[in-house]
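Content type compact mmCIF, C-alpha atoms and all ligand atoms, from the file query21.txt:
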```txt
# COMPACT_ATOMS: atom_id res chain seq x y z
CA MET A 42 -37.00 -21.74 -33.96
CA ALA A 43 -37.84 -25.32 -32.93
CA GLY A 44 -36.41 -25.83 -29.43
CA ALA A 45 -36.20 -22.07 -28.85
CA SER A 46 -35.80 -20.97 -25.23
CA GLN A 47 -38.25 -18.57 -23.59
CA ASP A 48 -35.62 -15.81 -23.85
CA GLU A 49 -35.23 -16.45 -27.58
CA LEU A 50 -39.01 -16.24 -28.01
CA LYS A 51 -39.01 -12.91 -26.16
CA ARG A 52 -36.33 -11.54 -28.48
CA LEU A 53 -38.21 -12.90 -31.51
CA VAL A 54 -41.48 -11.25 -30.53
CA ALA A 55 -39.74 -7.98 -29.64
CA GLN A 56 -38.20 -7.87 -33.11
CA ALA A 57 -41.63 -8.56 -34.65
CA ALA A 58 -43.07 -5.67 -32.61
CA LEU A 59 -40.31 -3.40 -33.88
CA GLU A 60 -41.19 -4.32 -37.46
CA MET A 61 -44.85 -3.61 -36.72
CA VAL A 62 -44.23 -0.17 -35.18
CA VAL A 63 -41.53 1.19 -37.51
CA PRO A 64 -44.08 2.31 -40.16
CA TRP A 65 -45.88 4.31 -37.44
CA LEU A 66 -42.75 6.23 -36.42
CA THR A 67 -42.13 9.83 -37.50
CA PRO A 68 -39.15 12.05 -36.65
CA GLY A 69 -41.13 13.95 -33.96
CA CYS A 70 -42.99 11.05 -32.43
CA ILE A 71 -42.92 9.54 -28.95
CA VAL A 72 -42.86 5.79 -28.23
CA GLY A 73 -44.28 4.39 -24.99
CA VAL A 74 -42.31 1.59 -23.42
CA GLY A 75 -43.34 -1.02 -20.85
CA THR A 76 -41.47 -2.89 -18.17
CA GLY A 77 -40.08 -6.40 -17.74
CA SER A 78 -37.81 -8.81 -19.57
CA THR A 79 -39.87 -8.83 -22.79
CA ALA A 80 -40.14 -5.04 -22.78
CA ASP A 81 -36.35 -4.94 -22.23
CA CYS A 82 -35.93 -6.94 -25.47
CA PHE A 83 -38.15 -4.37 -27.21
CA ILE A 84 -36.07 -1.48 -25.82
CA ASP A 85 -32.91 -3.13 -27.17
CA ALA A 86 -34.57 -3.56 -30.58
CA LEU A 87 -35.91 0.02 -30.51
CA ALA A 88 -32.38 1.33 -30.01
CA THR A 89 -31.54 0.12 -33.53
CA VAL A 90 -34.05 2.62 -35.01
CA LYS A 91 -33.60 5.51 -32.59
CA ALA A 92 -33.07 7.99 -35.46
CA LYS A 93 -36.67 7.36 -36.59
CA PHE A 94 -38.43 8.89 -33.54
CA GLU A 95 -37.87 11.71 -31.07
CA ALA A 96 -38.06 10.15 -27.62
CA ALA A 97 -39.72 7.61 -25.35
CA VAL A 98 -42.03 7.75 -22.36
CA SER A 99 -41.34 5.06 -19.83
CA SER A 100 -43.47 3.01 -17.44
CA SER A 101 -40.79 2.51 -14.79
CA ASP A 102 -37.48 3.74 -13.45
CA ALA A 103 -35.87 0.48 -14.64
CA SER A 104 -37.04 0.98 -18.23
CA THR A 105 -35.99 4.64 -18.10
CA LEU A 106 -32.45 3.58 -17.20
CA ARG A 107 -32.36 1.00 -19.99
CA LEU A 108 -33.66 3.50 -22.56
CA GLN A 109 -31.11 6.09 -21.46
CA SER A 110 -28.30 3.52 -21.57
CA HIS A 111 -29.07 3.23 -25.31
CA GLY A 112 -29.05 7.02 -25.73
CA ILE A 113 -32.84 7.20 -26.17
CA PRO A 114 -34.19 10.41 -24.57
CA VAL A 115 -37.01 9.86 -22.05
CA ARG A 116 -39.72 12.51 -21.71
CA ASP A 117 -42.18 13.34 -18.92
CA LEU A 118 -45.64 12.19 -20.03
CA ASN A 119 -47.11 15.53 -18.95
CA ALA A 120 -44.83 17.36 -21.36
CA ILE A 121 -45.96 15.64 -24.54
CA GLU A 122 -49.02 15.79 -26.76
CA GLU A 123 -49.25 12.26 -28.12
CA VAL A 124 -47.78 8.80 -27.68
CA ALA A 125 -47.76 7.06 -31.07
CA VAL A 126 -47.64 3.52 -29.72
CA TYR A 127 -47.16 1.69 -26.42
CA VAL A 128 -45.39 -1.68 -26.39
CA ASP A 129 -45.33 -3.89 -23.29
CA GLY A 130 -45.31 -7.49 -22.08
CA ALA A 131 -47.86 -9.26 -19.88
CA ASP A 132 -48.15 -12.03 -17.33
CA GLU A 133 -51.31 -13.52 -18.84
CA VAL A 134 -53.30 -12.96 -22.04
CA ASN A 135 -56.77 -14.39 -22.70
CA PRO A 136 -58.35 -14.98 -26.15
CA GLU A 137 -60.14 -11.58 -25.98
CA ARG A 138 -56.74 -9.85 -25.44
CA ALA A 139 -57.50 -8.99 -21.81
CA LEU A 140 -54.31 -9.07 -19.75
CA VAL A 141 -52.98 -9.56 -16.27
CA LYS A 142 -49.92 -7.37 -15.74
CA GLY A 143 -47.82 -6.16 -12.85
CA GLY A 144 -45.46 -9.06 -12.21
CA GLY A 145 -42.74 -6.40 -12.20
CA GLY A 146 -44.84 -4.08 -10.05
CA ALA A 147 -45.10 -1.32 -12.66
CA LEU A 148 -48.80 -1.79 -13.45
CA THR A 149 -49.99 1.72 -12.57
CA ARG A 150 -47.54 3.59 -14.77
CA GLU A 151 -48.01 0.92 -17.44
CA LYS A 152 -51.76 1.54 -17.48
CA ILE A 153 -51.25 5.30 -17.60
CA VAL A 154 -48.88 5.15 -20.57
CA ALA A 155 -51.06 2.56 -22.33
CA ALA A 156 -54.08 4.84 -21.85
CA SER A 157 -52.13 7.76 -23.35
CA ALA A 158 -51.13 5.91 -26.50
CA GLU A 159 -52.76 5.86 -29.92
CA ARG A 160 -52.02 2.15 -30.20
CA PHE A 161 -51.21 -0.56 -27.65
CA VAL A 162 -49.21 -3.60 -28.75
CA CYS A 163 -48.66 -6.43 -26.26
CA ILE A 164 -45.73 -8.81 -26.75
CA VAL A 165 -45.52 -12.21 -25.04
CA ASP A 166 -44.05 -15.63 -25.46
CA GLN A 167 -46.59 -18.43 -25.78
CA SER A 168 -46.32 -19.40 -22.08
CA LYS A 169 -48.47 -16.33 -21.25
CA LEU A 170 -51.57 -17.48 -23.17
CA VAL A 171 -54.46 -18.67 -20.98
CA ASP A 172 -58.15 -19.40 -21.49
CA VAL A 173 -59.17 -17.69 -18.23
CA LEU A 174 -57.14 -15.03 -16.39
CA GLY A 175 -56.23 -15.55 -12.75
CA ALA A 176 -53.78 -18.42 -12.37
CA PHE A 177 -51.08 -15.75 -12.12
CA PRO A 178 -51.70 -13.92 -8.81
CA LEU A 179 -53.28 -10.56 -9.63
CA PRO A 180 -51.07 -7.61 -8.62
CA VAL A 181 -52.90 -4.74 -6.93
CA GLU A 182 -51.06 -1.50 -6.05
CA VAL A 183 -52.26 -0.06 -2.75
CA ILE A 184 -51.56 2.99 -0.60
CA PRO A 185 -49.45 1.53 2.25
CA MET A 186 -51.88 2.47 5.07
CA ALA A 187 -54.75 0.73 3.23
CA ARG A 188 -53.04 -2.65 2.84
CA ARG A 189 -55.10 -4.43 5.49
CA LEU A 190 -58.40 -2.81 4.48
CA VAL A 191 -57.89 -3.73 0.83
CA ALA A 192 -56.85 -7.29 1.74
CA LYS A 193 -60.12 -7.69 3.71
CA GLU A 194 -62.21 -6.43 0.79
CA LEU A 195 -60.38 -8.76 -1.59
CA ALA A 196 -61.08 -11.69 0.76
CA ARG A 197 -64.81 -10.88 0.42
CA LEU A 198 -64.39 -11.37 -3.33
CA GLY A 199 -62.68 -14.73 -2.76
CA GLY A 200 -59.10 -13.54 -3.15
CA ASN A 201 -56.17 -14.27 -0.86
CA ALA A 202 -54.04 -11.10 -0.89
CA VAL A 203 -50.36 -11.65 -0.14
CA PRO A 204 -48.22 -8.54 0.41
CA ARG A 205 -45.20 -8.56 -1.93
CA ALA A 206 -42.37 -8.75 0.58
CA GLY A 207 -39.79 -5.97 0.58
CA PHE A 208 -41.22 -4.32 -2.52
CA VAL A 209 -42.09 -0.64 -2.94
CA THR A 210 -43.39 0.61 -6.28
CA ASP A 211 -41.86 3.53 -8.17
CA ASN A 212 -44.84 5.50 -6.78
CA GLY A 213 -43.94 4.67 -3.16
CA ASN A 214 -46.81 2.19 -2.71
CA HIS A 215 -47.16 -1.51 -1.88
CA ILE A 216 -48.30 -4.47 -3.99
CA LEU A 217 -50.77 -7.16 -2.94
CA ASP A 218 -50.53 -10.32 -5.06
CA VAL A 219 -54.03 -11.78 -5.04
CA HIS A 220 -54.41 -15.55 -5.34
CA GLY A 221 -57.59 -17.47 -6.08
CA LEU A 222 -59.68 -14.81 -7.84
CA ALA A 223 -61.99 -16.12 -10.55
CA ILE A 224 -61.51 -13.58 -13.34
CA ASP A 225 -64.44 -14.64 -15.52
CA GLU A 226 -65.41 -11.06 -16.31
CA PRO A 227 -62.13 -9.14 -16.47
CA ALA A 228 -63.53 -5.71 -17.37
CA ALA A 229 -66.12 -5.77 -14.56
CA LEU A 230 -63.58 -6.95 -11.99
CA GLU A 231 -61.04 -4.36 -13.14
CA THR A 232 -63.57 -1.61 -12.47
CA ARG A 233 -64.79 -3.12 -9.20
CA LEU A 234 -61.31 -3.50 -7.70
CA ASN A 235 -60.45 0.11 -8.50
CA ASN A 236 -63.48 1.18 -6.45
CA ILE A 237 -61.99 -0.19 -3.22
CA ALA A 238 -60.69 2.67 -1.08
CA GLY A 239 -56.91 2.58 -1.02
CA VAL A 240 -56.47 0.75 -4.33
CA VAL A 241 -54.31 2.79 -6.68
CA GLU A 242 -54.64 0.43 -9.65
CA ASN A 243 -54.99 -3.27 -10.39
CA GLY A 244 -53.24 -5.41 -12.97
CA ILE A 245 -56.25 -6.34 -15.13
CA PHE A 246 -55.99 -4.61 -18.51
CA ALA A 247 -59.41 -5.34 -20.01
CA ASN A 248 -61.30 -2.05 -20.30
CA ALA A 249 -58.51 -0.78 -22.52
CA ALA A 250 -57.04 -3.99 -23.86
CA PRO A 251 -54.26 -3.94 -26.47
CA GLN A 252 -55.42 -3.77 -30.09
CA LYS A 253 -52.68 -6.24 -31.08
CA VAL A 254 -51.01 -9.10 -29.25
CA LEU A 255 -47.88 -10.64 -30.76
CA VAL A 256 -47.09 -14.12 -29.48
CA GLY A 257 -43.66 -15.70 -29.85
CA THR A 258 -43.86 -19.42 -30.58
CA PRO A 259 -41.28 -21.97 -31.75
CA THR A 260 -42.90 -21.87 -35.20
CA GLY A 261 -42.88 -18.08 -35.49
CA VAL A 262 -44.83 -15.05 -34.31
CA ARG A 263 -48.62 -15.25 -34.13
CA LEU A 264 -50.81 -12.14 -34.23
CA ILE A 265 -53.98 -11.87 -32.15
CA GLY A 266 -56.12 -8.87 -33.04
C1 LIG B 301 -44.39 -5.49 -15.26
C2 LIG B 301 -45.25 -6.25 -16.18
C3 LIG B 301 -44.60 -7.13 -17.18
O1 LIG B 301 -45.03 -6.77 -18.46
C4 LIG B 301 -44.96 -8.56 -16.92
O2 LIG B 301 -44.64 -8.87 -15.57
C5 LIG B 301 -44.25 -9.52 -17.89
O3 LIG B 301 -42.88 -9.49 -17.61
P1 LIG B 301 -41.86 -10.37 -18.44
O4 LIG B 301 -41.83 -9.81 -19.82
O5 LIG B 301 -40.56 -10.20 -17.70
O6 LIG B 301 -42.34 -11.79 -18.43
O7 LIG B 301 -46.45 -6.17 -16.17
O8 LIG B 301 -45.13 -4.78 -14.31
```
Is it possible to express this structure as structure tokens?
Amino acid sequence: MAGASQDELKRLVAQAALEMVVPWLTPGCIVGVGTGSTADCFIDALATVKAKFEAAVSSSDASTLRLQSHGIPVRDLNAIEEVAVYVDGADEVNPERALVKGGGGALTREKIVAASAERFVCIVDQSKLVDVLGAFPLPVEVIPMARRLVAKELARLGGNAVPRAGFVTDNGNHILDVHGLAIDEPAALETRLNNIAGVVENGIFANAAPQKVLVGTPTGVRLIG
């Protein structure tokens, strides 16, 4: 894979995730699916084994459409007992497997499906690895009327919250992309941000980090966890 493009690394890591999850699949089981270009590669790979599981639960309308285009049934999370595994990409991953997510604006549903799953596998190309989270602006989903209030509270924490222009989440809310936050303690900040009135969810995934991270590199796929 020397000289592999970022897209090739995404396909490589998606295929590795498929190989990891296939032994966990049973005819009645449900697979949770994330959102974004790497998750799209996983959906395409998952379609090749669709006889091995019953259905998917999806973290966004976009992923639902892609799953359905492959003939994979998509279930309402409230209608199912168990999600065998959740597979999703990330915008940043630190050495402890804490993530920043939400570049695609689907962070709230992503966190809900991740929290519902028995196992959480994150798939990234090597460009997403960082020592400290926060260079990627942290997405925060807010109730529209609370945008200004939340931005003020984030400024108190040292963050510069920029409304994502022209973007409405699948839940009908807005996204603030927060620049300049020092995310030295991801789990504590994740909890603290969710205590601000008007915040629906933030893009730090540290309190329930993935058990496994697969990283696509030009020399192959590396496993963290
Ligand atoms: C969407 C996400 C994505 O997982 C994240 O933005 C990474 O996307 P990509 O795989 O396209 O780089 O959190 O809300």
In Å, rounded to a single decimal, give me how far atom CA of Ala250 of chain A is from atom O4 of ligand LIG 301 (chain B).
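Between atom O4 of ligand LIG 301 (chain B) and atom CA of Ala250 of chain A the gap works out to 16.8 Å.
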Selection: 12 Å around Thr89 of chain A, all atoms listed in the file, excl. self and same-chain fewer than 3 positions, as number ranges by chain:
A: 56, 59-60, 63, 82-86, 92-94, 108, 111-113
At a cut-off of 10 Å, can you tabulate as CSV every residue of chain A near ligand LIG 301 (chain B) together with its closest atom pair and the distance in Å to one decimal, using only C-alpha atoms and all ligand atoms and ordering rows by chain then number?
```
residue,atom,partner,partner_atom,distance
A:Gln47,CA,B:LIG301,O6,9.5
A:Asp48,CA,B:LIG301,O6,9.5
A:Lys51,CA,B:LIG301,O4,7.6
A:Gly75,CA,B:LIG301,O1,6.5
A:Thr76,CA,B:LIG301,C1,4.9
A:Gly77,CA,B:LIG301,O5,3.8
A:Ser78,CA,B:LIG301,O5,3.6
A:Thr79,CA,B:LIG301,O4,3.7
A:Ala80,CA,B:LIG301,O4,5.9
A:Asp81,CA,B:LIG301,O4,7.7
A:Cys82,CA,B:LIG301,O4,8.7
A:Phe83,CA,B:LIG301,O4,9.9
A:Ser100,CA,B:LIG301,O8,8.6
A:Ser101,CA,B:LIG301,O8,8.5
A:Val128,CA,B:LIG301,O1,9.4
A:Asp129,CA,B:LIG301,O1,5.6
A:Gly130,CA,B:LIG301,O1,3.7
A:Ala131,CA,B:LIG301,O1,4.0
A:Asp132,CA,B:LIG301,C5,4.7
A:Glu133,CA,B:LIG301,C5,8.2
A:Leu140,CA,B:LIG301,O7,9.1
A:Val141,CA,B:LIG301,O7,7.4
A:Lys142,CA,B:LIG301,O7,3.7
A:Gly143,CA,B:LIG301,O8,3.4
A:Gly144,CA,B:LIG301,O2,3.5
A:Gly145,CA,B:LIG301,O8,3.6
A:Gly146,CA,B:LIG301,O8,4.3
A:Ala147,CA,B:LIG301,O8,3.8
A:Leu148,CA,B:LIG301,O8,4.8
A:Thr149,CA,B:LIG301,O8,8.3
A:Arg150,CA,B:LIG301,O8,8.7
A:Glu151,CA,B:LIG301,O8,7.1
A:Lys152,CA,B:LIG301,O7,9.5
A:Cys163,CA,B:LIG301,O1,8.6
A:Ile164,CA,B:LIG301,O4,8.0
A:Val165,CA,B:LIG301,O4,6.8
A:Asp166,CA,B:LIG301,O6,8.2
A:Ser168,CA,B:LIG301,O6,9.3
A:Lys169,CA,B:LIG301,O6,8.1
A:Pro180,CA,B:LIG301,O8,8.7
A:Thr210,CA,B:LIG301,O8,9.8
A:Gly244,CA,B:LIG301,O7,7.5
A:Ile245,CA,B:LIG301,O7,9.9
A:Phe246,CA,B:LIG301,O7,9.9
```
Write out as a PyMOL selection string which residues come within 7 Å of segment 253-260 of chain A when counting all atoms listed in the file, dropping same-chain ones fewer than 3 positions away.
chain A and resi 42-45+50-51+53-54+138+161-167+263-266
Would you mind telling me which residue in A:Gly213, A:Pro227, A:Pro68, A:Gly261 lies nearest to Val183 of chain A when using only C-alpha atoms?
A:Gly213
Excluding Pro204 of chain A and any residue of its chain fewer than 4 positions from it, enumerate the residues within 12 Å of it, using all atoms listed in the file, and give them as a PyMOL selection string.
chain A and resi 146+178-183+185+187-189+191-192+208-209+214-220
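Checking A:Asn212, A:Gly200, A:Ala139, A:Pro251 one by one against Tyr127 of chain A, counting all atoms listed in the file, you find the shortest gap at A:Pro251.
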Listed atoms of segment 189-207 of chain A boxed along x, y and z, 4 Å each side, centre and edge lengths in Å, one decimal, as JSON:
```
{"center_x": -52.3, "center_y": -8.8, "center_z": 1.1, "size_x": 33.0, "size_y": 19.9, "size_z": 16.8}
```
Excluding Ser99 of chain A and its own-chain neighbours fewer than 6 positions away, which residues fall within 8 Å of it when counting only C-alpha atoms? Please give them as a ChimeraX atom specification.
/A:73-75,105,115-116,154
Rounded to one decimal place, report the atom CA of Asn135 of chain A-atom CA of Ala229 of chain A distance in Å.
15.1 Å
Nearest to Val126 of chain A, chosen from A:Ala58, A:Ala176, A:Val203, A:Leu190, with all atoms listed in the file counted in the distances
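The closest residue to Val126 of chain A is A:Ala58.
For the choices A:Ala206, A:Leu174, A:Ile184, A:Ala247, the atom-to-atom distance to Leu222 of chain A is smallest for A:Leu174 when using only C-alpha atoms.
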Gln109 of chain A: which residues within 10 Å, counting all atoms listed in the file, same-chain residues fewer than 5 positions away excluded, as a count of residues only?
5
Point-to-point distance in Å for atom CA of Glu123 of chain A and atom CA of Arg233 of chain A
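Separating atom CA of Arg233 of chain A from atom CA of Glu123 of chain A is a distance of 28.9 Å.
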